[in-house]
Amino acid sequence: MSLRIFESQRYMRERLRAALRRGTIGVLDIGSSKIACLVLKIDPDRLEAPPMPGRRVQAGLDAVRVIGFNNIQARGVALGEVSVIDEAERRIRAVVARAQRYAGERIDEVVVALSGAQPRSYGVSGDASVAQGEVSAQDIGAAMGRALLPDFGAGRDVILAQPVNFTLDHRTGLADPRGQVGARLAVDMHMLTVSHAAIRNLAHVVRRCDLDLAGVATSAYAAGLAALVEDEMELGAACIDLGAETTSVSVFLRRHMIFADTLRLGGAHVTQDIAHAFAASLEDAERAKIKHGDVQSTSRDDRELIELRRVGSERQFERRMITRTDLIGVIRPRVEEILEDARMRLDAAGFECLPSQRVVLTGGGSQMPGLEDLATRILGRQVRIGRPLRIQGLPQAAASAPFSALVGLAAHAARPQDECWDFELSAGQGPLRLRRALRWFRDNW
Amino acid sequence: MRSLILREARRDPAPSRLRYRLARWWLRPHVRLTLTVLVPALLVLSLAGHWLMRAQTQQMLRETAVDLREALRARPEFMLVGLSVTGGSPALRGQVSEAVTVSFPVSSLALDLDQVRRRIEALSAVAAARVSVSDAGYLAVSVRERRPQAILRHNADLYLIGAEGHRVARLASRASRPDLPLLAGQGAEAAVPEALALMRLAAPVAARVRGLVRVGARRWDIVLDRDQRIMLPAEGAAAALAEVLALHRLEALLARDITHVDMRHAARPVLRLGPNALKRRHWPDAAVEAEET
């Protein structure tokens, strides 16, 4: 079982690499409120160049240039998963067509981020004795192959399984043990599973748009890649991506993601609360939230009146004014709930044990004023609002917090993929044939 | 408050599947190249080809071309108004003027200079000719005359002939060109160089030489006055003549009463005596035999 996972991972990486070699690739962030697409131009020579010191994770970004961008309001996507195939397909077609026109180039392969699909993290470890005194790639492969997989249940797929830590004879915290001398090698891996149905639907939609799926990532991972800086990734940090219907939480340590989770709560719920509390339409509630929303009320807010029409009222006869304090009184509890929920998830993941406990908020919800203070109070840690990192040619419109996952996806696509996946698995592990892995891949996707 | 701007019912921004596919197809580089460059180029070429293939078009084009050429020919810059011949004798110039057979004025473009040159060179008296169009609108012909080397007598007519045996001109009388040797006999014009060489060799008796006669298209007889004849062999005629001249110098052979000096057989030269000499001398048979050995 575990070998199959490695093979399928390797297959996915090969696909991505082949797509990168072709020079143009699209990234697609399918969220609950918006679908965004970037067209990336890849320079394969610079992609292979050795990374500059201190920029290991984002090394490949030099080779990437954005040549097309578009985003569109999402339809047919609920809780970060494709719910109505037809509508989602039309929206994806629209956004891809516009981005292609913007770029003047055609994309054939896309890397997709999925914000829902109930990701679940597992820590997995395996060990093997070192065969010839010095750790070789075969030993690492053997240790990874010996890892005991947890029972993650039927109907779930592994989309990520990365070695995050190596232990060699009680020396832990090794990033790359190759060439070191020791007797026993243990490897810790982070494995992420998502709902099989969600990912299958996603692949189906993408295929209906005449595109090839070159890779899938959860938006938690992608947002973390874009919003965290190198030091935060190294020392340990959490990234909370406040989306519309989902809030993704990811924890990074030593440049690897070690935990990811998704809450089914988000900015759309705030809007719903406003609409519910003031009997307003969702559209008006959204506008009020964006224009006047806040989480800290001051005495001045009592005097500030906001027009919020009642549902069904006639425009010319009725006006209803609410104070901003009322609005904040509705928004704040929901935001607190979301943040508390996120804190619970972080606590469950053992976030307090990390050497550094910085939290980065990103995503569309992070644009709410005053959120930083509130989050600092609730999460009890240093909090900052993270914007996506800069990549060449990124339009100003895409350089804000809501597009963290999109930009992170570009970083993921260009990232020098963790070489651990190219370790040869030892032949003693049983008959390994690529064909079987391919069949598995095809059957499942 | 009603908003003054009527918002249009929001349309689905998604392109239809066909439009989407077409747009993606259009973004393929080779498709775009084909449709924007190759197909229009092919279309234009095929239309042009079709138009050119029509008989009417070809007729029209041909007529236009002819008209153009005529118009160009008729321009005064290309007109030739006369002929100027340089080189050669006046008689030859007259011959050349006749041979040109061009009616002036004529356009230089309509004239085939090469053909004119060939026509002039076809004249037997012309060794080479150069035909060009001069700036002043004349057809300039410069000829090099073929120089007569000898006189050929043929059926009582006299001709001047060149070294190669070409007849250059007719000659009215032998006396008009006393400097040239007279040749006669069958096939004489084919061996003019040999005859000329013999004539040069016979310079000591040049005053007495009347002419050379080709015998049997094979060998020469040199005819002197007083009906003397030196009969030369087909091979080694020069050596034989030199021998005769040596005898003449030592013994004044040709001044004697001899009608023929027969050198046809190199080992056995024979003298035929004149009638007076025969009367005066009676050779004993033995002496004759001794003479012969």
# chains A, B, ... in the order shown; residues from 1 in each chain; ligands from 1
>>> closest_atom_pairs(of="chain B", to="chain A", cutoff="9 Å", atoms="only C-alpha atoms", output="CSV")
residue,atom,partner,partner_atom,distance
B:Met1,CA,A:Gln316,CA,4.6
B:Arg2,CA,A:Gln316,CA,6.3
B:Asp12,CA,A:Arg90,CA,8.5
B:Pro13,CA,A:Ala94,CA,6.2
B:Ala14,CA,A:Ala94,CA,4.2
B:Pro15,CA,A:Ala94,CA,5.9
B:Ser16,CA,A:Arg90,CA,8.0
B:Arg17,CA,A:Arg93,CA,8.1
B:Tyr20,CA,A:Ala97,CA,6.6
B:Arg21,CA,A:Asp210,CA,8.0
B:Ala23,CA,A:Ala97,CA,7.4
B:Arg24,CA,A:Arg106,CA,6.1
B:Trp25,CA,A:Arg106,CA,8.3
B:Trp26,CA,A:Arg106,CA,8.7
B:Leu27,CA,A:Arg106,CA,5.4
B:Arg28,CA,A:Arg106,CA,6.6
B:Pro29,CA,A:Glu105,CA,8.5
>>> residues_around(residues="A:Ala410", least_positions_apart="4", cutoff="10 Å", atoms="only C-alpha atoms", output="short mmCIF file (atom, residue, chain, number, x, y, z; two decimals) with C-alpha atoms, in the first residue's frame")
data_model
loop_
_atom_site.label_atom_id
_atom_site.label_comp_id
_atom_site.auth_asym_id
_atom_site.auth_seq_id
_atom_site.Cartn_x
_atom_site.Cartn_y
_atom_site.Cartn_z
CA ILE A 25 1.40 26.09 -17.11
CA GLY A 26 -1.77 27.33 -15.51
CA VAL A 27 -2.64 27.42 -11.84
CA LEU A 28 -6.23 27.44 -10.75
CA LEU A 38 -2.75 32.47 -13.36
CA VAL A 39 -0.89 31.65 -16.54
CA LEU A 40 2.77 31.06 -15.77
CA GLY A 60 12.23 28.13 -8.27
CA LEU A 61 10.29 31.37 -8.28
CA VAL A 64 8.43 31.88 -13.10
CA ARG A 65 6.76 34.81 -14.72
CA VAL A 66 3.05 35.53 -14.61
CA VAL A 111 -2.23 22.79 -11.06
CA VAL A 112 -5.32 23.13 -8.93
CA ALA A 222 -0.53 26.79 -1.01
CA LEU A 225 3.83 28.76 0.84
CA ALA A 226 2.86 32.21 -0.34
CA ILE A 391 6.57 36.87 -8.25
CA SER A 404 -2.35 33.94 -1.33
CA ALA A 405 -3.38 30.44 -2.24
CA LEU A 406 -3.18 31.23 -5.96
CA ALA A 414 7.95 25.97 -9.46
CA ARG A 415 9.34 24.73 -6.18
#
>>> closest_atom_pairs(of="stretch 98-125 of chain B", to="stretch 142-146 of chain B", cutoff="10 Å", atoms="only C-alpha atoms", output="Markdown table")
| residue | atom | partner | partner_atom | distance |
| --- | --- | --- | --- | --- |
| B:Arg117 | CA | B:Val143 | CA | 9.6 |
| B:Ile120 | CA | B:Val143 | CA | 8.4 |
| B:Glu121 | CA | B:Val143 | CA | 8.6 |
| B:Leu123 | CA | B:Arg146 | CA | 9.8 |
| B:Ser124 | CA | B:Arg146 | CA | 7.8 |
| B:Ala125 | CA | B:Arg146 | CA | 5.1 |
>>> write_last_selection(atoms="C-alpha atoms", output="tab-separated table (two decimals), in the first residue's frame")
chain	number	residue	atom	x	y	z
B	117	ARG	CA	27.43	39.85	-88.25
B	120	ILE	CA	28.63	39.76	-93.21
B	121	GLU	CA	31.05	37.05	-92.24
B	123	LEU	CA	31.00	36.95	-97.40
B	124	SER	CA	34.06	35.08	-98.61
B	125	ALA	CA	36.22	38.18	-98.59
>>> closest_residue(among="B:Thr86, B:Asn155, B:Ser103, B:Gln95", to="B:Ser132", atoms="only C-alpha atoms")
B:Thr86
>>> atom_distance(atom1="atom CA of A:Thr325", atom2="atom CA of A:Ala280")
16.6 Å
>>> closest_residue(among="A:Thr246, A:Thr362, A:Gln382, A:Gln357", to="A:Ile338", atoms="only C-alpha atoms")
A:Thr246
